[in-house]
Amino acid sequence: MKKASFLVLVIVGIPLAGLAQELIERIDVVGNERITKETVMYYLSSREGDYFDPAVLKKDFRVLWSTGFFTDIKIEESDGPRGKIVTITVEETPLIKTITYKTGKKIKEDDITNKLKEKDEYLLPYSNFSPAKIQKIRKTIEDLLAEKGLGAAAVEVETARKGKNEVDLTFRIDEGAKIRVGEVVFAGNPKLGQNALTEALAANKAHSFVSWVAGKDAFKPNKISDDVAAIKKKLQDSGFMEATVGEPKVDDVVRRTFWPLSKKRKMVRLTFPVNAGYLYRVGEVKVEGNKFFTTAGILSKIKFRKGEIYSTKLRQKSVEDLGELFRQFGYLYAQAVPVENLDPKNKVVNVVYQIYEGDLCFLRRLDFKGNIFTKDKVIRREMLLREGDVFSLAFFKDSVLRIKQLGLVDLEKDPDIKPDQNDPTQFDVTVNVKELQRNNIQFTAGYSGYEGTFVALSYSTVNFLGAGETLELMAQYGKRIRNYSFGFTEPYVFDYPVSLGFNIYDRYMVYPYIYNRKGRGADFTVSGRLFRWMQGSLTYSYENVEISQPSALSTVEYYSYYGTGPSSYDPYYYGGLYGFGKYNMSSLYPTLYRSTVDSPLTPSSGTLYLASVKYAGRWLGGEIDLYKPRLEFTRYQPIIRGQRWHSFGVHVEYSFVRPLGGSQVPFWERFFLGGERSIRGYEIYTIGPRSAEGQPIGGMKQLVFNAEYIWAVGGPLYLILFHDRGNTWDLDAKVSFKDVYTSTGVEARIFVPALRVPFRLIFAYNNRLIYADDTNFSFRFAIGTTF
């Protein structure tokens, strides 16, 4: 490329005293094709008719060069009849016609373009060709290759002239062989074990099955400084405050790979020089500068005590907890600054936490955006804060969670929290929401383990009149179910935090080879929030129950199949007075529960505690006397705080049933486990006590445990690794985790927002067989969730 030059040809003469300064007669632009003369003139300060000034021309040269339009510029002047003629000769910068990335298998074009966009270096066709920018892009691609462990990769830039002042640009990438880390050694005086320091490495971990799968075994020279810092931090977290870690020595070593299987490969060995130094303990811990918060309260949030091993990790955790404490009480600008003083003689660290409380902050204005049909008050009444209140960030976070728990709206993005420019203690908050599917009218046909094949027509809305009302109409007909229901719930009766609802139903359910159950009745429920997250409800239910033999068997076949003696499964024997027939059941269901689960549909964090009891008695107008307590615990925990993509879920449920007043428990009120709602690898209702002939008779108590690892893959797809275990037992049997059925496997769950339910494909391994011809593996299709 030509060097830019600036030539001003001066015709030297002896000026005559008294002559006036010369004018610019004409400005000519030569060599331009795409760039018009008018564009060039736009960037010039010199104009035709102005006085000729070489200093101004030098400034014009610099301005034109800075545009990037040209690769060469010459400015010349000559005498004309009436003044100076200025000639600007240019060579235009080529345009990039096409941009091509020739990549290999390990890195794709999308990886490159995403990285360039991230660094604001992305090139578009028909932009100006800039050698400096091309070199920056090349360096970015090389860094990306290094991040992928391709330290031997090379990037070549090729240009080809096309047409009038255009070039085709090609980045040709030779990935080379991936260099792996074969061994990591910590030399010197590390004090901590090899495993502890290896776990601290951010990258560059020694080749093993785990590091190979995680992609951490590639040698990445650009991550060495991160690893050095991570090792030093690990030592300081463990009390070695004066630890030093040097740059590693890199040697070649030959090791066998996991893939290709057990093949010898040349790798590198990293030897980090480490000197841990002396172990320091906690000395004096003091608090200064606090006014509103008591010293004792602040010290309770500090994680270490005098005499314990000092840890920078605990020091930082204490700062975070103190920040949460300050923000909980409205001190949003408060800070806790730990000032460390190392005492080398006594090997202790004395810490003073300097507290800067700042001013108390208030919520001045609260707005909601995005709710079109949902009334503003429906969302606002879930807020624990009101305008003018002290702005407690803890209360605000809880309020946002309560809004999400409604199931009416979700957050479009994080709330906008802005202080007033004139008074920073006053905050304006805008909560941006998006309304979820409100009305759902559908005709469906499908299969479920519990319902069998079925068709259904339903209408439901979770926001009937815009105030959060729930209305449901259902007609379902299938092989094992006939269900007709109508329900309505008003969430805030007369604008009080009390909900009132009812449900009228006519249901017929087949429990295969056990019994058929038909129920007609109505439920009436009143519920409300007792305080913060604690809620309570009371349901009264009146139902006419009809129990009959399984529809697949005739009466003769039924007793022939199960037997009729006391040792056989005869419902009249096991249920006493409550065998086949019609009964009226009148019952109360008091329930107390506390839930911080973040979503009723796709949860990823939060906890649920629930305690309830079903109480049926003759004094309520029925014919059944029993009580049936139920305890339930559910916990969702994201693996990475603040992210929903990976989380764990745990669920435990325990129930039992007892007769009242010398009565007996009907066999159709016993517990039958199995199916996608309990132990998902087994057939429905097959787990529990059995008759002498091997038929399920149900248990008087049950225990179920479910654990899930949930991966939100993207869009509506979730992949779940699960482990279920549980059983039901007779009244006099001991509950034992050794006597349980377990099911372990993988599940694909596809959530359909319009239907508000997920479809599930379940593959499971079961530890015990129910029948002799069963296999340990099972595959099922299901709808809904397990917990």
# chains A, B, ... in the order shown; residues from 1 in each chain; ligands from 1

$ select_by_dssp --residues "segment 195-408 of chain A" --states "strand (DSSP E or B)" --output "PDB file with N, CA and C atoms, in the first residue's frame"
ATOM      1  N   ALA A 218      -7.909 -28.647  27.468  1.00  0.00           N
ATOM      2  CA  ALA A 218      -7.158 -28.032  26.373  1.00  0.00           C
ATOM      3  C   ALA A 218      -6.193 -26.992  26.929  1.00  0.00           C
ATOM      4  N   THR A 244       2.193 -16.905  47.275  1.00  0.00           N
ATOM      5  CA  THR A 244       2.651 -16.417  45.979  1.00  0.00           C
ATOM      6  C   THR A 244       2.603 -17.563  44.973  1.00  0.00           C
ATOM      7  N   VAL A 245       2.207 -17.239  43.737  1.00  0.00           N
ATOM      8  CA  VAL A 245       2.108 -18.226  42.656  1.00  0.00           C
ATOM      9  C   VAL A 245       2.735 -17.613  41.419  1.00  0.00           C
ATOM     10  N   LYS A 249       5.966 -23.402  34.326  1.00  0.00           N
ATOM     11  CA  LYS A 249       6.903 -23.905  33.343  1.00  0.00           C
ATOM     12  C   LYS A 249       6.172 -24.899  32.449  1.00  0.00           C
ATOM     13  N   VAL A 250       6.353 -24.799  31.141  1.00  0.00           N
ATOM     14  CA  VAL A 250       5.638 -25.642  30.185  1.00  0.00           C
ATOM     15  C   VAL A 250       6.613 -26.634  29.567  1.00  0.00           C
ATOM     16  N   ASP A 251       6.352 -27.935  29.767  1.00  0.00           N
ATOM     17  CA  ASP A 251       7.173 -29.006  29.203  1.00  0.00           C
ATOM     18  C   ASP A 251       6.300 -29.936  28.378  1.00  0.00           C
ATOM     19  N   ASP A 252       6.939 -30.646  27.470  1.00  0.00           N
ATOM     20  CA  ASP A 252       6.234 -31.675  26.709  1.00  0.00           C
ATOM     21  C   ASP A 252       6.188 -32.969  27.513  1.00  0.00           C
ATOM     22  N   VAL A 253       5.088 -33.698  27.370  1.00  0.00           N
ATOM     23  CA  VAL A 253       4.916 -34.971  28.053  1.00  0.00           C
ATOM     24  C   VAL A 253       4.021 -35.848  27.191  1.00  0.00           C
ATOM     25  N   VAL A 254       4.182 -37.146  27.264  1.00  0.00           N
ATOM     26  CA  VAL A 254       3.359 -38.079  26.497  1.00  0.00           C
ATOM     27  C   VAL A 254       2.396 -38.775  27.449  1.00  0.00           C
ATOM     28  N   ARG A 255       1.104 -38.715  27.115  1.00  0.00           N
ATOM     29  CA  ARG A 255       0.077 -39.341  27.926  1.00  0.00           C
ATOM     30  C   ARG A 255      -0.933 -40.037  27.024  1.00  0.00           C
ATOM     31  N   ARG A 256      -1.661 -40.980  27.599  1.00  0.00           N
ATOM     32  CA  ARG A 256      -2.723 -41.669  26.857  1.00  0.00           C
ATOM     33  C   ARG A 256      -4.018 -40.875  26.943  1.00  0.00           C
ATOM     34  N   LYS A 264      -1.626 -42.840  22.633  1.00  0.00           N
ATOM     35  CA  LYS A 264      -0.576 -41.979  23.132  1.00  0.00           C
ATOM     36  C   LYS A 264      -0.541 -40.687  22.330  1.00  0.00           C
ATOM     37  N   ARG A 265      -0.502 -39.571  23.068  1.00  0.00           N
ATOM     38  CA  ARG A 265      -0.475 -38.253  22.421  1.00  0.00           C
ATOM     39  C   ARG A 265       0.531 -37.351  23.141  1.00  0.00           C
ATOM     40  N   LYS A 266       1.101 -36.467  22.377  1.00  0.00           N
ATOM     41  CA  LYS A 266       1.977 -35.462  22.961  1.00  0.00           C
ATOM     42  C   LYS A 266       1.134 -34.372  23.606  1.00  0.00           C
ATOM     43  N   MET A 267       1.386 -34.123  24.880  1.00  0.00           N
ATOM     44  CA  MET A 267       0.653 -33.103  25.626  1.00  0.00           C
ATOM     45  C   MET A 267       1.670 -32.186  26.313  1.00  0.00           C
ATOM     46  N   VAL A 268       1.183 -31.298  27.173  1.00  0.00           N
ATOM     47  CA  VAL A 268       2.072 -30.403  27.912  1.00  0.00           C
ATOM     48  C   VAL A 268       1.915 -30.638  29.404  1.00  0.00           C
ATOM     49  N   ARG A 269       2.974 -30.404  30.126  1.00  0.00           N
ATOM     50  CA  ARG A 269       2.941 -30.460  31.586  1.00  0.00           C
ATOM     51  C   ARG A 269       3.160 -29.044  32.106  1.00  0.00           C
ATOM     52  N   LEU A 270       2.272 -28.609  32.979  1.00  0.00           N
ATOM     53  CA  LEU A 270       2.368 -27.283  33.584  1.00  0.00           C
ATOM     54  C   LEU A 270       2.875 -27.430  35.007  1.00  0.00           C
ATOM     55  N   THR A 271       3.952 -26.737  35.331  1.00  0.00           N
ATOM     56  CA  THR A 271       4.504 -26.775  36.687  1.00  0.00           C
ATOM     57  C   THR A 271       4.407 -25.375  37.281  1.00  0.00           C
ATOM     58  N   PHE A 272       3.485 -25.199  38.220  1.00  0.00           N
ATOM     59  CA  PHE A 272       3.268 -23.904  38.863  1.00  0.00           C
ATOM     60  C   PHE A 272       4.149 -23.808  40.113  1.00  0.00           C
ATOM     61  N   PRO A 273       5.018 -22.791  40.218  1.00  0.00           N
ATOM     62  CA  PRO A 273       5.753 -22.585  41.472  1.00  0.00           C
ATOM     63  C   PRO A 273       4.834 -21.938  42.518  1.00  0.00           C
ATOM     64  N   VAL A 274       4.655 -22.616  43.638  1.00  0.00           N
ATOM     65  CA  VAL A 274       3.711 -22.163  44.661  1.00  0.00           C
ATOM     66  C   VAL A 274       4.414 -22.094  46.007  1.00  0.00           C
ATOM     67  N   ASN A 275       4.259 -20.978  46.696  1.00  0.00           N
ATOM     68  CA  ASN A 275       4.736 -20.838  48.074  1.00  0.00           C
ATOM     69  C   ASN A 275       3.568 -20.339  48.918  1.00  0.00           C
ATOM     70  N   ARG A 281      -4.872 -16.798  61.065  1.00  0.00           N
ATOM     71  CA  ARG A 281      -6.162 -16.981  61.715  1.00  0.00           C
ATOM     72  C   ARG A 281      -6.831 -15.632  61.939  1.00  0.00           C
ATOM     73  N   VAL A 282      -8.079 -15.674  62.336  1.00  0.00           N
ATOM     74  CA  VAL A 282      -8.857 -14.451  62.560  1.00  0.00           C
ATOM     75  C   VAL A 282      -8.428 -13.827  63.878  1.00  0.00           C
ATOM     76  N   GLY A 283      -8.086 -12.541  63.834  1.00  0.00           N
ATOM     77  CA  GLY A 283      -7.741 -11.810  65.047  1.00  0.00           C
ATOM     78  C   GLY A 283      -8.947 -11.030  65.559  1.00  0.00           C
ATOM     79  N   GLU A 284      -8.765  -9.729  65.749  1.00  0.00           N
ATOM     80  CA  GLU A 284      -9.855  -8.872  66.211  1.00  0.00           C
ATOM     81  C   GLU A 284     -10.789  -8.534  65.043  1.00  0.00           C
ATOM     82  N   VAL A 285     -12.093  -8.613  65.279  1.00  0.00           N
ATOM     83  CA  VAL A 285     -13.095  -8.224  64.283  1.00  0.00           C
ATOM     84  C   VAL A 285     -13.902  -7.077  64.872  1.00  0.00           C
ATOM     85  N   LYS A 286     -13.828  -5.916  64.230  1.00  0.00           N
ATOM     86  CA  LYS A 286     -14.500  -4.722  64.748  1.00  0.00           C
ATOM     87  C   LYS A 286     -15.426  -4.133  63.687  1.00  0.00           C
ATOM     88  N   VAL A 287     -16.347  -3.336  64.164  1.00  0.00           N
ATOM     89  CA  VAL A 287     -17.294  -2.638  63.288  1.00  0.00           C
ATOM     90  C   VAL A 287     -17.243  -1.159  63.625  1.00  0.00           C
ATOM     91  N   GLU A 288     -17.125  -0.316  62.613  1.00  0.00           N
ATOM     92  CA  GLU A 288     -17.076   1.127  62.820  1.00  0.00           C
ATOM     93  C   GLU A 288     -17.990   1.827  61.825  1.00  0.00           C
ATOM     94  N   ILE A 309      -9.583 -20.175  61.227  1.00  0.00           N
ATOM     95  CA  ILE A 309      -8.722 -19.944  60.059  1.00  0.00           C
ATOM     96  C   ILE A 309      -9.338 -18.846  59.201  1.00  0.00           C
ATOM     97  N   GLN A 335     -22.755   0.587  52.368  1.00  0.00           N
ATOM     98  CA  GLN A 335     -21.628  -0.260  51.992  1.00  0.00           C
ATOM     99  C   GLN A 335     -20.912  -0.749  53.246  1.00  0.00           C
ATOM    100  N   ALA A 336     -20.346  -1.936  53.132  1.00  0.00           N
ATOM    101  CA  ALA A 336     -19.483  -2.484  54.181  1.00  0.00           C
ATOM    102  C   ALA A 336     -18.124  -2.746  53.548  1.00  0.00           C
ATOM    103  N   VAL A 337     -17.104  -2.039  54.017  1.00  0.00           N
ATOM    104  CA  VAL A 337     -15.759  -2.150  53.443  1.00  0.00           C
ATOM    105  C   VAL A 337     -14.841  -2.791  54.476  1.00  0.00           C
ATOM    106  N   PRO A 338     -14.395  -4.031  54.222  1.00  0.00           N
ATOM    107  CA  PRO A 338     -13.480  -4.666  55.183  1.00  0.00           C
ATOM    108  C   PRO A 338     -12.047  -4.157  55.003  1.00  0.00           C
ATOM    109  N   VAL A 339     -11.463  -3.719  56.090  1.00  0.00           N
ATOM    110  CA  VAL A 339     -10.074  -3.253  56.079  1.00  0.00           C
ATOM    111  C   VAL A 339      -9.243  -4.281  56.838  1.00  0.00           C
ATOM    112  N   GLU A 340      -8.350  -4.966  56.100  1.00  0.00           N
ATOM    113  CA  GLU A 340      -7.545  -6.031  56.693  1.00  0.00           C
ATOM    114  C   GLU A 340      -6.197  -5.489  57.171  1.00  0.00           C
ATOM    115  N   ASN A 341      -5.754  -5.998  58.296  1.00  0.00           N
ATOM    116  CA  ASN A 341      -4.435  -5.656  58.828  1.00  0.00           C
ATOM    117  C   ASN A 341      -3.752  -6.949  59.239  1.00  0.00           C
ATOM    118  N   LEU A 342      -2.754  -7.387  58.439  1.00  0.00           N
ATOM    119  CA  LEU A 342      -2.041  -8.621  58.735  1.00  0.00           C
ATOM    120  C   LEU A 342      -1.022  -8.395  59.856  1.00  0.00           C
ATOM    121  N   ASP A 343      -1.036  -9.281  60.813  1.00  0.00           N
ATOM    122  CA  ASP A 343      -0.067  -9.251  61.912  1.00  0.00           C
ATOM    123  C   ASP A 343       0.875 -10.434  61.714  1.00  0.00           C
ATOM    124  N   VAL A 348      -2.077 -13.470  62.546  1.00  0.00           N
ATOM    125  CA  VAL A 348      -3.520 -13.238  62.578  1.00  0.00           C
ATOM    126  C   VAL A 348      -3.851 -12.096  61.632  1.00  0.00           C
ATOM    127  N   VAL A 349      -5.120 -12.031  61.237  1.00  0.00           N
ATOM    128  CA  VAL A 349      -5.640 -10.942  60.419  1.00  0.00           C
ATOM    129  C   VAL A 349      -6.686 -10.200  61.236  1.00  0.00           C
ATOM    130  N   ASN A 350      -6.414  -8.942  61.537  1.00  0.00           N
ATOM    131  CA  ASN A 350      -7.379  -8.099  62.221  1.00  0.00           C
ATOM    132  C   ASN A 350      -8.214  -7.373  61.159  1.00  0.00           C
ATOM    133  N   VAL A 351      -9.524  -7.413  61.339  1.00  0.00           N
ATOM    134  CA  VAL A 351     -10.417  -6.853  60.319  1.00  0.00           C
ATOM    135  C   VAL A 351     -11.320  -5.802  60.954  1.00  0.00           C
ATOM    136  N   VAL A 352     -11.396  -4.667  60.296  1.00  0.00           N
ATOM    137  CA  VAL A 352     -12.350  -3.626  60.691  1.00  0.00           C
ATOM    138  C   VAL A 352     -13.329  -3.445  59.541  1.00  0.00           C
ATOM    139  N   TYR A 353     -14.612  -3.655  59.792  1.00  0.00           N
ATOM    140  CA  TYR A 353     -15.654  -3.429  58.780  1.00  0.00           C
ATOM    141  C   TYR A 353     -16.129  -1.980  58.900  1.00  0.00           C
ATOM    142  N   GLN A 354     -15.722  -1.173  57.917  1.00  0.00           N
ATOM    143  CA  GLN A 354     -16.158   0.223  57.865  1.00  0.00           C
ATOM    144  C   GLN A 354     -17.544   0.274  57.235  1.00  0.00           C
ATOM    145  N   ILE A 355     -18.509   0.788  57.981  1.00  0.00           N
ATOM    146  CA  ILE A 355     -19.901   0.829  57.522  1.00  0.00           C
ATOM    147  C   ILE A 355     -20.249   2.237  57.072  1.00  0.00           C
ATOM    148  N   TYR A 356     -20.716   2.350  55.849  1.00  0.00           N
ATOM    149  CA  TYR A 356     -21.214   3.618  55.315  1.00  0.00           C
ATOM    150  C   TYR A 356     -22.691   3.411  54.995  1.00  0.00           C
ATOM    151  N   PHE A 362     -36.721   5.596  49.650  1.00  0.00           N
ATOM    152  CA  PHE A 362     -38.173   5.419  49.631  1.00  0.00           C
ATOM    153  C   PHE A 362     -38.653   5.114  48.211  1.00  0.00           C
ATOM    154  N   LEU A 363     -39.783   4.417  48.143  1.00  0.00           N
ATOM    155  CA  LEU A 363     -40.436   4.142  46.870  1.00  0.00           C
ATOM    156  C   LEU A 363     -41.389   5.292  46.572  1.00  0.00           C
ATOM    157  N   ARG A 364     -41.046   6.108  45.562  1.00  0.00           N
ATOM    158  CA  ARG A 364     -41.876   7.268  45.248  1.00  0.00           C
ATOM    159  C   ARG A 364     -43.009   6.916  44.288  1.00  0.00           C
ATOM    160  N   ARG A 365     -42.675   6.122  43.251  1.00  0.00           N
ATOM    161  CA  ARG A 365     -43.687   5.816  42.234  1.00  0.00           C
ATOM    162  C   ARG A 365     -43.510   4.372  41.769  1.00  0.00           C
ATOM    163  N   LEU A 366     -44.634   3.683  41.570  1.00  0.00           N
ATOM    164  CA  LEU A 366     -44.636   2.290  41.107  1.00  0.00           C
ATOM    165  C   LEU A 366     -45.579   2.170  39.926  1.00  0.00           C
ATOM    166  N   ASP A 367     -45.040   1.751  38.787  1.00  0.00           N
ATOM    167  CA  ASP A 367     -45.838   1.598  37.570  1.00  0.00           C
ATOM    168  C   ASP A 367     -45.688   0.179  37.029  1.00  0.00           C
ATOM    169  N   PHE A 368     -46.724  -0.242  36.283  1.00  0.00           N
ATOM    170  CA  PHE A 368     -46.694  -1.534  35.598  1.00  0.00           C
ATOM    171  C   PHE A 368     -46.938  -1.298  34.119  1.00  0.00           C
ATOM    172  N   LYS A 369     -46.152  -1.982  33.293  1.00  0.00           N
ATOM    173  CA  LYS A 369     -46.293  -1.866  31.850  1.00  0.00           C
ATOM    174  C   LYS A 369     -46.413  -3.251  31.235  1.00  0.00           C
ATOM    175  N   VAL A 390     -40.747   2.873  52.871  1.00  0.00           N
ATOM    176  CA  VAL A 390     -39.310   2.646  52.803  1.00  0.00           C
ATOM    177  C   VAL A 390     -39.052   1.573  51.742  1.00  0.00           C
TER     178      VAL A 390
END

$ select_by_dssp --residues "segment 155-356 of chain A" --states "helix (DSSP H, G or I)" --output "ChimeraX atom specification"
/A:194-200,209-214,221-237,295-301,312-328

$ residues_around --residues "Leu406 of chain A" --least-positions-apart "6" --cutoff "9 Å" --atoms "only C-alpha atoms" --output "list in words"
Ile379, Glu382, Gly468, Ser599 and Pro600 of chain A

$ closest_residue --among "A:Pro81, A:Gly694, A:Gly104, A:Gly536" --to "Ala772 of chain A" --atoms "only C-alpha atoms"
A:Gly694

$ closest_residue --among "A:Met509, A:Ala748, A:Ala187, A:Val740" --to "Leu719 of chain A" --atoms "only C-alpha atoms"
A:Ala748

$ residues_around --residues "Val455 of chain A" --least-positions-apart "3" --cutoff "8 Å" --atoms "only C-alpha atoms" --output "list in words"
Phe443, Thr444, Ala445, Gly446, Gln476, Tyr477 and Gly478 of chain A

$ residues_around --residues "segment 383-386 of chain A" --least-positions-apart "3" --cutoff "12 Å" --atoms "only C-alpha atoms" --output "PyMOL selection string"
chain A and resi 330+362-368+376-380+389-404+406+428-429+431+531-533

$ write_last_selection --atoms "C-alpha atoms" --output "PDB file, in the first residue's frame"
ATOM      1  CA  GLY A 330     -34.073   0.486  52.762  1.00  0.00           C
ATOM      2  CA  PHE A 362     -38.173   5.419  49.631  1.00  0.00           C
ATOM      3  CA  LEU A 363     -40.436   4.142  46.870  1.00  0.00           C
ATOM      4  CA  ARG A 364     -41.876   7.268  45.248  1.00  0.00           C
ATOM      5  CA  ARG A 365     -43.687   5.816  42.234  1.00  0.00           C
ATOM      6  CA  LEU A 366     -44.636   2.290  41.107  1.00  0.00           C
ATOM      7  CA  ASP A 367     -45.838   1.598  37.570  1.00  0.00           C
ATOM      8  CA  PHE A 368     -46.694  -1.534  35.598  1.00  0.00           C
ATOM      9  CA  ASP A 376     -53.495  -2.906  37.350  1.00  0.00           C
ATOM     10  CA  LYS A 377     -54.851  -3.542  40.834  1.00  0.00           C
ATOM     11  CA  VAL A 378     -54.595  -7.320  40.348  1.00  0.00           C
ATOM     12  CA  ILE A 379     -50.820  -6.991  40.101  1.00  0.00           C
ATOM     13  CA  ARG A 380     -50.473  -4.106  42.542  1.00  0.00           C
ATOM     14  CA  ASP A 389     -42.925   3.234  51.911  1.00  0.00           C
ATOM     15  CA  VAL A 390     -39.310   2.646  52.803  1.00  0.00           C
ATOM     16  CA  PHE A 391     -37.849   0.906  49.740  1.00  0.00           C
ATOM     17  CA  SER A 392     -36.962  -2.504  51.148  1.00  0.00           C
ATOM     18  CA  LEU A 393     -35.294  -4.443  48.355  1.00  0.00           C
ATOM     19  CA  ALA A 394     -36.084  -7.731  50.107  1.00  0.00           C
ATOM     20  CA  PHE A 395     -39.802  -6.894  50.173  1.00  0.00           C
ATOM     21  CA  PHE A 396     -39.614  -5.814  46.543  1.00  0.00           C
ATOM     22  CA  LYS A 397     -38.034  -9.133  45.441  1.00  0.00           C
ATOM     23  CA  ASP A 398     -40.688 -11.050  47.370  1.00  0.00           C
ATOM     24  CA  SER A 399     -43.365  -8.945  45.691  1.00  0.00           C
ATOM     25  CA  VAL A 400     -42.023  -9.759  42.220  1.00  0.00           C
ATOM     26  CA  LEU A 401     -42.072 -13.471  43.100  1.00  0.00           C
ATOM     27  CA  ARG A 402     -45.686 -13.182  44.280  1.00  0.00           C
ATOM     28  CA  ILE A 403     -46.626 -11.574  40.956  1.00  0.00           C
ATOM     29  CA  LYS A 404     -45.067 -14.484  39.055  1.00  0.00           C
ATOM     30  CA  LEU A 406     -50.217 -15.603  40.114  1.00  0.00           C
ATOM     31  CA  ASP A 428     -39.275   5.263  40.683  1.00  0.00           C
ATOM     32  CA  VAL A 429     -39.915   1.634  39.720  1.00  0.00           C
ATOM     33  CA  VAL A 431     -42.319  -3.457  36.449  1.00  0.00           C
ATOM     34  CA  PHE A 531     -48.930 -13.590  56.513  1.00  0.00           C
ATOM     35  CA  ARG A 532     -46.309 -13.011  53.850  1.00  0.00           C
ATOM     36  CA  TRP A 533     -45.822 -16.471  52.233  1.00  0.00           C
TER      37      TRP A 533
END

$ residues_around --residues "segment 137-142 of chain A" --least-positions-apart "4" --cutoff "9 Å" --atoms "only C-alpha atoms" --output "PyMOL selection string"
chain A and resi 112+115-116+119+121-123+132-133+146-147+150-151+153-157+171+173

$ atom_distance --atom1 "atom CA of Asp410 of chain A" --atom2 "atom CA of Val433 of chain A"
5.5 Å

$ atom_distance --atom1 "atom CA of Leu192 of chain A" --atom2 "atom CA of Ser225 of chain A"
19.9 Å

$ closest_residue --among "A:Trp668, A:Tyr310, A:Phe502, A:Tyr447" --to "Gln549 of chain A" --atoms "only C-alpha atoms"
A:Trp668

$ atom_distance --atom1 "atom CA of Thr295 of chain A" --atom2 "atom CA of Asp423 of chain A"
29.0 Å

$ residues_around --residues "Thr257 of chain A" --least-positions-apart "2" --cutoff "9 Å" --atoms "only C-alpha atoms" --output "VMD selection string"
chain A and resid 182 207 to 209 255 259 to 265

$ closest_residue --among "A:Phe61, A:Tyr583, A:Trp645, A:Tyr101" --to "Asn544 of chain A" --atoms "only C-alpha atoms"
A:Tyr583

$ decode --residues "segment 728-750 of chain A" --atoms "C-alpha atoms" --output "mmCIF file, in the first residue's frame"
data_model
loop_
_atom_site.group_PDB
_atom_site.id
_atom_site.type_symbol
_atom_site.label_atom_id
_atom_site.label_comp_id
_atom_site.auth_asym_id
_atom_site.auth_seq_id
_atom_site.Cartn_x
_atom_site.Cartn_y
_atom_site.Cartn_z
ATOM 1 C CA THR A 728 -47.165 -47.946 50.599
ATOM 2 C CA TRP A 729 -47.506 -50.103 53.703
ATOM 3 C CA ASP A 730 -50.156 -51.662 55.912
ATOM 4 C CA LEU A 731 -51.043 -49.986 59.177
ATOM 5 C CA ASP A 732 -48.833 -52.209 61.328
ATOM 6 C CA ALA A 733 -45.858 -52.301 58.885
ATOM 7 C CA LYS A 734 -42.740 -50.219 59.528
ATOM 8 C CA VAL A 735 -41.874 -47.488 57.057
ATOM 9 C CA SER A 736 -38.403 -48.223 55.695
ATOM 10 C CA PHE A 737 -36.355 -46.790 52.839
ATOM 11 C CA LYS A 738 -34.942 -50.265 52.302
ATOM 12 C CA ASP A 739 -38.402 -51.547 51.404
ATOM 13 C CA VAL A 740 -39.088 -49.230 48.487
ATOM 14 C CA TYR A 741 -39.517 -49.240 44.738
ATOM 15 C CA THR A 742 -37.135 -46.999 42.784
ATOM 16 C CA SER A 743 -37.265 -45.634 39.264
ATOM 17 C CA THR A 744 -34.337 -43.819 37.651
ATOM 18 C CA GLY A 745 -34.100 -42.407 34.164
ATOM 19 C CA VAL A 746 -34.386 -39.511 31.756
ATOM 20 C CA GLU A 747 -37.406 -37.521 30.656
ATOM 21 C CA ALA A 748 -38.016 -35.129 27.774
ATOM 22 C CA ARG A 749 -40.627 -32.552 28.681
ATOM 23 C CA ILE A 750 -42.149 -30.236 26.072
#
